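> Here's a structure for you.
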Amino acid sequence: MISPLATRVPTAPDPTLRGAATRDATISVRGLRKTYAVPEREAGAVAAVRSLVRRTTREVPAVADVGFAIAPGEVVGFLGPNGAGKTTTLKVLAGLLHPSAGEVTVLGHVPWRRDRAYLAQITLVMGQRNQLHWDIPVGDSFVLNRAIYRIPERQYRETVDELVDLLGLEELLPKPVRNLSLGERMKCELAAALLHRPRVLFLDEPTLGLDVSAQRRIRAFVAEYNRRHEATVLLTSHYMADVEALCQRVIVIHRGRLLYDGDLTGLVARFAPDKTVVVELAGDAAPELDLAAYGEVVRRDGGQVAFRVPKAAAAAVVGRLLAELPVVDLTVEDPPVEDIIERVFREGGAQGDVASPPDGAAAREPSDGAVAVPAGVSR
Amino acid sequence: MSRLRLVGVFLRLGVLNELQYRANFWIQLIRSLVNLATALAGLGVVFSQATTLDGWRQDELLALVGVYFLVGAGVNLVFLPSMSQFIGDVRKGTLDYVLTKPEDAQLLVSIRRVDIWRLIDVAMGFGVNGVALARLGSDLGPGRAAAFGLTLLAGGAIVYSFLLALATTAFWFVRVENILVVFQSMYVAGRWPVGIYPPWLRGTLTFVVPIAFAITVPASALVGRLDWPTLVGTVVLAAAMLAFSRWFWSVGVRHYSGASA
C-alpha cells in the first residue's frame with residue numbers, strides 16, 4: 001500500500017528532526033500550545049440564567065506542548081483519545097486556529113495567516129462535518145470548488161476523471177448529496193476536497209461511521225493518492241485498521257502532550273509488555289478451574305480462555321498450562337494494536353496525573369522512538 | 001473579474017437546480033402575487049380616505065411599493081439565504097470549510113445561496129415602477145434615473161451591511177437564527193414611507209434598522225422627491241456601513257479562530 005517512491009524520514013525519527021523546525025520538512029511544529037476559554041457554570045436552571053448575565057470562564061489547555069516534523073510524502077497517523085488535542089492541532093495546521101504559543105510552518109507558510117497561496121495547497125476533510133451541500137448534486141459542488149480554487153479547465157477534467165475512476169463516483173455525480181449513503185458521501189467529500197490537488201491533506205476521522213468495506217475503500221484511495229501525488233497526509237482516526245494500513249509512523253498525543261512519535265512496530269514493542277495466551281480447554285473443565293493462578297484472564301468464552309501474561313513469564317506460563325490443564329489448542333500472540341493504544345492512553349494519562357514532566361522537557365527528550373513517557377510506564 | 005465569475009457560477013447553479021422543481025415556480029409566483037395584492041389593497045384602503053399620505057400621492061406610493069419589492073427581492077435573492085446558511089455553518093462547525101478556501105471568506109459567505117424565485121419579485125418590482133411612472137405621467141430623465149440607480153445600489157449596500165453585521169454576531173452568540181427573522185419583520189414596515197411613523201419608530205427605521213435608506217430614499221429618487229443632501233448622505237452612509245461591516249466581520253473571524261473549538 002505504501003509507496004516505495006515517497007520519501008520518508010527514518011522510522012525512528014532522530015531527535016534533531018523531531019525537535020527542531022527542519023527546513024525541508026513539509027510540516028514543522030514546535031512547542032505548540034493552545035488554550036481555550038471555556039464558559040463554566042454549574043448544572044441547573046438558576047445557574048443557567050445567571051450565566052446569561054455573568055459568564056465565568058476557565059482556561060482549558062487543549063494542546064499543552066506538541067512538537068513534530070513531517071517530511072514530504074509521509075503518511076502519519078495522529079492518535080489520541082477524545083479530547084487529547086488532535087483536532088485542535090489539525091485546525092491550527094489548517095489555519096483555522098491561532099495557537100496560544102509555538103511555531104508552526106506548513107509548506108513554508110504560517111497557517112493562520114491564511115495566505116491564498118497556502119490554502120490553495122492544502123485540504124481539510126472532517127469525517128463528521130460535510131462540505132458538500134445537502135440539496136445540490138455532487139457534480140455541482142465540484143463545479144463550485146473548481147470556481148473557488150480557480151482550477152484550469154484541463155486540469156479540472158483530468159482530476160475529476162482520475163478521482164471518479166479511483167473512487168467509482170460515476171453514478172454519484174448527478175445525485176443530490178441527501179440521496180447518498182454515508183460511504184458514498186464520504187467518497188464524494190474526499191473527491192471534492194482533492195480537486196485542487198492539494199499537497200498536504202489533513203484528514204480528521206475520514207472513516208468515521210463507515211462500514212468495513214467502505215473504510216477499506218477510503219484507505220486504499222488515500223494510499224493511492226499519496227503514492228501518485230506524493231502528498232503529505234496527516235490523519236486522525238479511532239480505527240487502528242486505518243492507521244495500520246496507511247501509516248508507518250504514528251504520533252500519539254495525550255492530554256495535549258506528545259506521548260510517542262515513531263513507527264507502529266516500535267509502539268507495539270514498547271508498549272506491549274504482555275503477551276496474550278489463548279487456550280482452548282477440553283470438555284467442561286473450564287468453569288471449576290482456578291484460572292487466575294496462571295495470569296490475568298482477559299476473556300473467557302466457553303472453553304476458550306485468553307490470559308494476559310508478562311512477556312518474560314510467557315514461556316513458563318505456557319509450560320504450566322500445558323502440563324496442568326486439558327489443553328486442546330494454544331496460541332501466543334501480541335495484543336491487538338487497539339489494546340496497546342488504549343493501554344498507552346490509560347497509563348500515560350495516569351502517569352500525567354501524578355507527575356507531569358517539568359516544562360514539557362521530556363516531550364523532546366530523545367530516545368529510541370518513544371518520547372515523553374515517564375520511565376515508570378514502559379516497565 | 002474571477003470573483004464576478006464566481007458569483008455567476010453560484011447563480012447559474014442556483015437556477016439549474018431550482019428549474020428541476022417546476023411546481024415550485026407556480027407556488028412562488030402565487031406567493032409573489034399575493035404579496036403584491038396585499039400591498040396594493042393597503043394602498044387602496046388608504047387612498048379611499050385621503051388624497052395624500054405624508055405628502056406622497058397615490059401613484060408615488062405605488063412607486064414606493066415597486067421599490068419595496070425590488071429591494072426585498074434583491075435581499076432575499078442571495079443575502080438572506082446566504083446569511084442564514086452562514087449562521088447554520090457556525091453552529092455546525094462547517095464554517096471551517098469556508099475558512100480553508102483560498103478566497104475571501106466574506107464574499108463566499110455572502111453569495112453562497114441563491115433563492116432564484118425572488119427574481120419574480122424583481123420583475124414585479126420593475127413592472128410596478130413602470131406602471132407608477134406611467135400613471136404619474138412623468139418622464140424618467142437620465143438624471144433621475146441615475147439618482148434612482150445610485151440610491152438603489154446604496155440602499156442595497158446598506159441593507160447588506162446591516163445583515164452581515166447581524167449575522168456576524170453568530171461568532172459570539174452562535175444561535176442567532178432569529179435575528180434574521182427580526183430583520184424580515186422590520187422590513188415589512190418599509191412598505192410605507194418612513195415619514196408616516198411616530199418619531200421613535202422613524203428613528204429606528206432610519207438609524208437602527210436602515211429601511212428608510214433602502215426603500216424610501218430610492219423611491220423618492222424615482223418620483224423626483226429627492227434632495228441633494230439626502231442623496232449624498234445615503235451614498236456616504238452606504239460606504240461607511242460597508243466599511244464597518246467588513247471590519248466587524250474580520251473581528252468576528254479573528255474571534256472564531258482565536259477561541260472556537
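Letters for chains follow the order of the C-alpha cells (A, B, ...), residue numbers begin at 1 for each chain, and ligand numbers begin at 1 in the order shown.
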Within 10 Å of chain B, which residues of chain A are there when counting only C-alpha atoms? Please give them as a ChimeraX atom specification.
/A:34-38,62,87-88,91-92,94-100,111-112,114-126,128-132,135-137,140-141,143-150,176,193
> Among stretch 30-89 of chain B, which residues carry a DSSP assignment of alpha helix (DSSP H), reported as a PyMOL selection string?
chain B and resi 30-49+58-74+80-89
> Keeping N, CA and C atoms for every residue in the selection just given, could you write it to a file as a compact mmCIF listing (two decimals), in the first residue's frame?

```
# COMPACT_ATOMS: atom_id res chain seq x y z
N ILE B 30 -47.41 32.49 -7.12
CA ILE B 30 -48.62 32.83 -6.36
C ILE B 30 -48.27 33.62 -5.11
N ARG B 31 -47.21 33.18 -4.44
CA ARG B 31 -46.78 33.88 -3.23
C ARG B 31 -46.47 35.34 -3.54
N SER B 32 -45.74 35.57 -4.64
CA SER B 32 -45.38 36.93 -5.00
C SER B 32 -46.62 37.75 -5.35
N LEU B 33 -47.56 37.12 -6.07
CA LEU B 33 -48.78 37.84 -6.45
C LEU B 33 -49.60 38.22 -5.22
N VAL B 34 -49.68 37.28 -4.26
CA VAL B 34 -50.43 37.58 -3.04
C VAL B 34 -49.79 38.76 -2.31
N ASN B 35 -48.45 38.73 -2.24
CA ASN B 35 -47.75 39.85 -1.59
C ASN B 35 -48.08 41.17 -2.28
N LEU B 36 -48.07 41.14 -3.60
CA LEU B 36 -48.34 42.36 -4.36
C LEU B 36 -49.76 42.83 -4.11
N ALA B 37 -50.71 41.87 -4.17
CA ALA B 37 -52.11 42.22 -3.97
C ALA B 37 -52.32 42.85 -2.60
N THR B 38 -51.68 42.29 -1.59
CA THR B 38 -51.81 42.82 -0.23
C THR B 38 -51.33 44.26 -0.19
N ALA B 39 -50.16 44.48 -0.81
CA ALA B 39 -49.58 45.83 -0.81
C ALA B 39 -50.52 46.81 -1.51
N LEU B 40 -51.06 46.39 -2.66
CA LEU B 40 -51.92 47.29 -3.42
C LEU B 40 -53.24 47.54 -2.69
N ALA B 41 -53.79 46.49 -2.06
CA ALA B 41 -55.03 46.66 -1.30
C ALA B 41 -54.83 47.67 -0.18
N GLY B 42 -53.65 47.61 0.47
CA GLY B 42 -53.33 48.57 1.53
C GLY B 42 -53.38 49.99 0.99
N LEU B 43 -52.76 50.16 -0.17
CA LEU B 43 -52.79 51.49 -0.80
C LEU B 43 -54.22 51.93 -1.06
N GLY B 44 -55.05 50.97 -1.59
CA GLY B 44 -56.43 51.28 -1.92
C GLY B 44 -57.18 51.79 -0.70
N VAL B 45 -57.01 51.11 0.43
CA VAL B 45 -57.71 51.49 1.66
C VAL B 45 -57.33 52.91 2.06
N VAL B 46 -56.01 53.18 2.05
CA VAL B 46 -55.55 54.50 2.49
C VAL B 46 -56.12 55.59 1.59
N PHE B 47 -56.06 55.37 0.29
CA PHE B 47 -56.43 56.46 -0.61
C PHE B 47 -57.94 56.54 -0.84
N SER B 48 -58.71 55.61 -0.23
CA SER B 48 -60.15 55.83 -0.21
C SER B 48 -60.51 56.83 0.89
N GLN B 49 -59.59 57.08 1.81
CA GLN B 49 -59.82 58.01 2.92
C GLN B 49 -59.11 59.34 2.72
N GLN B 58 -50.94 59.00 -4.47
CA GLN B 58 -51.18 57.57 -4.64
C GLN B 58 -50.17 56.90 -5.57
N ASP B 59 -49.93 57.52 -6.72
CA ASP B 59 -49.05 56.87 -7.69
C ASP B 59 -47.59 56.93 -7.26
N GLU B 60 -47.28 57.94 -6.45
CA GLU B 60 -45.93 57.99 -5.89
C GLU B 60 -45.73 56.83 -4.91
N LEU B 61 -46.79 56.58 -4.14
CA LEU B 61 -46.70 55.46 -3.20
C LEU B 61 -46.64 54.13 -3.93
N LEU B 62 -47.26 54.09 -5.12
CA LEU B 62 -47.18 52.88 -5.93
C LEU B 62 -45.72 52.62 -6.30
N ALA B 63 -45.02 53.68 -6.62
CA ALA B 63 -43.58 53.54 -6.93
C ALA B 63 -42.83 53.01 -5.71
N LEU B 64 -43.25 53.49 -4.52
CA LEU B 64 -42.61 53.02 -3.29
C LEU B 64 -42.82 51.50 -3.13
N VAL B 65 -44.04 51.06 -3.45
CA VAL B 65 -44.31 49.61 -3.38
C VAL B 65 -43.39 48.87 -4.34
N GLY B 66 -43.20 49.44 -5.55
CA GLY B 66 -42.29 48.82 -6.52
C GLY B 66 -40.89 48.69 -5.97
N VAL B 67 -40.39 49.75 -5.34
CA VAL B 67 -39.04 49.72 -4.78
C VAL B 67 -38.97 48.73 -3.62
N TYR B 68 -40.04 48.69 -2.84
CA TYR B 68 -40.12 47.73 -1.73
C TYR B 68 -39.92 46.30 -2.25
N PHE B 69 -40.58 46.03 -3.37
CA PHE B 69 -40.43 44.70 -3.96
C PHE B 69 -39.01 44.47 -4.50
N LEU B 70 -38.49 45.48 -5.17
CA LEU B 70 -37.16 45.35 -5.78
C LEU B 70 -36.09 45.07 -4.74
N VAL B 71 -36.05 45.92 -3.72
CA VAL B 71 -35.00 45.78 -2.71
C VAL B 71 -35.20 44.47 -1.93
N GLY B 72 -36.46 44.20 -1.59
CA GLY B 72 -36.75 42.97 -0.88
C GLY B 72 -36.30 41.76 -1.69
N ALA B 73 -36.56 41.81 -3.01
CA ALA B 73 -36.16 40.70 -3.88
C ALA B 73 -34.65 40.55 -3.89
N GLY B 74 -33.97 41.69 -4.00
CA GLY B 74 -32.50 41.65 -4.02
C GLY B 74 -31.96 41.00 -2.75
N LEU B 80 -30.12 37.07 2.26
CA LEU B 80 -30.76 36.39 3.39
C LEU B 80 -30.48 34.88 3.40
N PRO B 81 -30.69 34.18 2.27
CA PRO B 81 -30.38 32.74 2.32
C PRO B 81 -28.92 32.46 2.63
N SER B 82 -28.02 33.28 2.09
CA SER B 82 -26.60 33.05 2.36
C SER B 82 -26.28 33.27 3.82
N MET B 83 -26.84 34.35 4.39
CA MET B 83 -26.55 34.64 5.79
C MET B 83 -27.13 33.56 6.70
N SER B 84 -28.31 33.06 6.35
CA SER B 84 -28.86 32.05 7.26
C SER B 84 -28.06 30.76 7.12
N GLN B 85 -27.51 30.49 5.94
CA GLN B 85 -26.64 29.33 5.86
C GLN B 85 -25.36 29.54 6.67
N PHE B 86 -24.86 30.77 6.60
CA PHE B 86 -23.64 31.07 7.37
C PHE B 86 -23.86 30.83 8.86
N ILE B 87 -25.02 31.30 9.35
CA ILE B 87 -25.30 31.13 10.79
C ILE B 87 -25.36 29.64 11.13
N GLY B 88 -26.00 28.87 10.24
CA GLY B 88 -26.04 27.42 10.44
C GLY B 88 -24.64 26.81 10.43
N ASP B 89 -23.79 27.32 9.55
CA ASP B 89 -22.44 26.79 9.44
C ASP B 89 -21.62 27.04 10.70
```
> Within 8 Å of A:Tyr156, counting only C-alpha atoms, which residues qualify if same-chain residues fewer than 5 places away don't, as a list in words?
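These residues fall inside the cut-off: Arg146, Ile151, Leu195 and His196 of chain A.
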> Between atom CA of B:Val188 and atom CA of B:Ile158, what distance in Å does the model show, to one decimal?
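Distance reported for this atom pair: 16.4 Å.
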> I want to know what sits within 7 Å of A:Ala231, based on only C-alpha atoms, with residues of the same chain fewer than 5 positions away left out; could you give that as a short mmCIF file (atom, residue, chain, number, x, y, z; two decimals) with C-alpha atoms, in the first residue's frame?

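File around.cif, as written:
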```
data_model
loop_
_atom_site.label_atom_id
_atom_site.label_comp_id
_atom_site.auth_asym_id
_atom_site.auth_seq_id
_atom_site.Cartn_x
_atom_site.Cartn_y
_atom_site.Cartn_z
CA GLY A 73 5.15 12.46 1.17
CA ARG A 199 -0.01 18.80 -1.45
CA VAL A 200 -0.96 18.41 2.19
CA ASN A 226 -0.35 9.56 -1.58
#
```
> Do a neighbour search on A:Lys311 at 8 Å with only C-alpha atoms, toss out local chain neighbours closer than 6 positions, and write the hits as a list in words.
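My list of contacting residues is Pro273, Asp274 and Lys275 of chain A.
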> Could you jot down the atom CA of A:Met240 to atom CA of A:Glu103 separation for me, Å, one decimal place?
29.4 Å
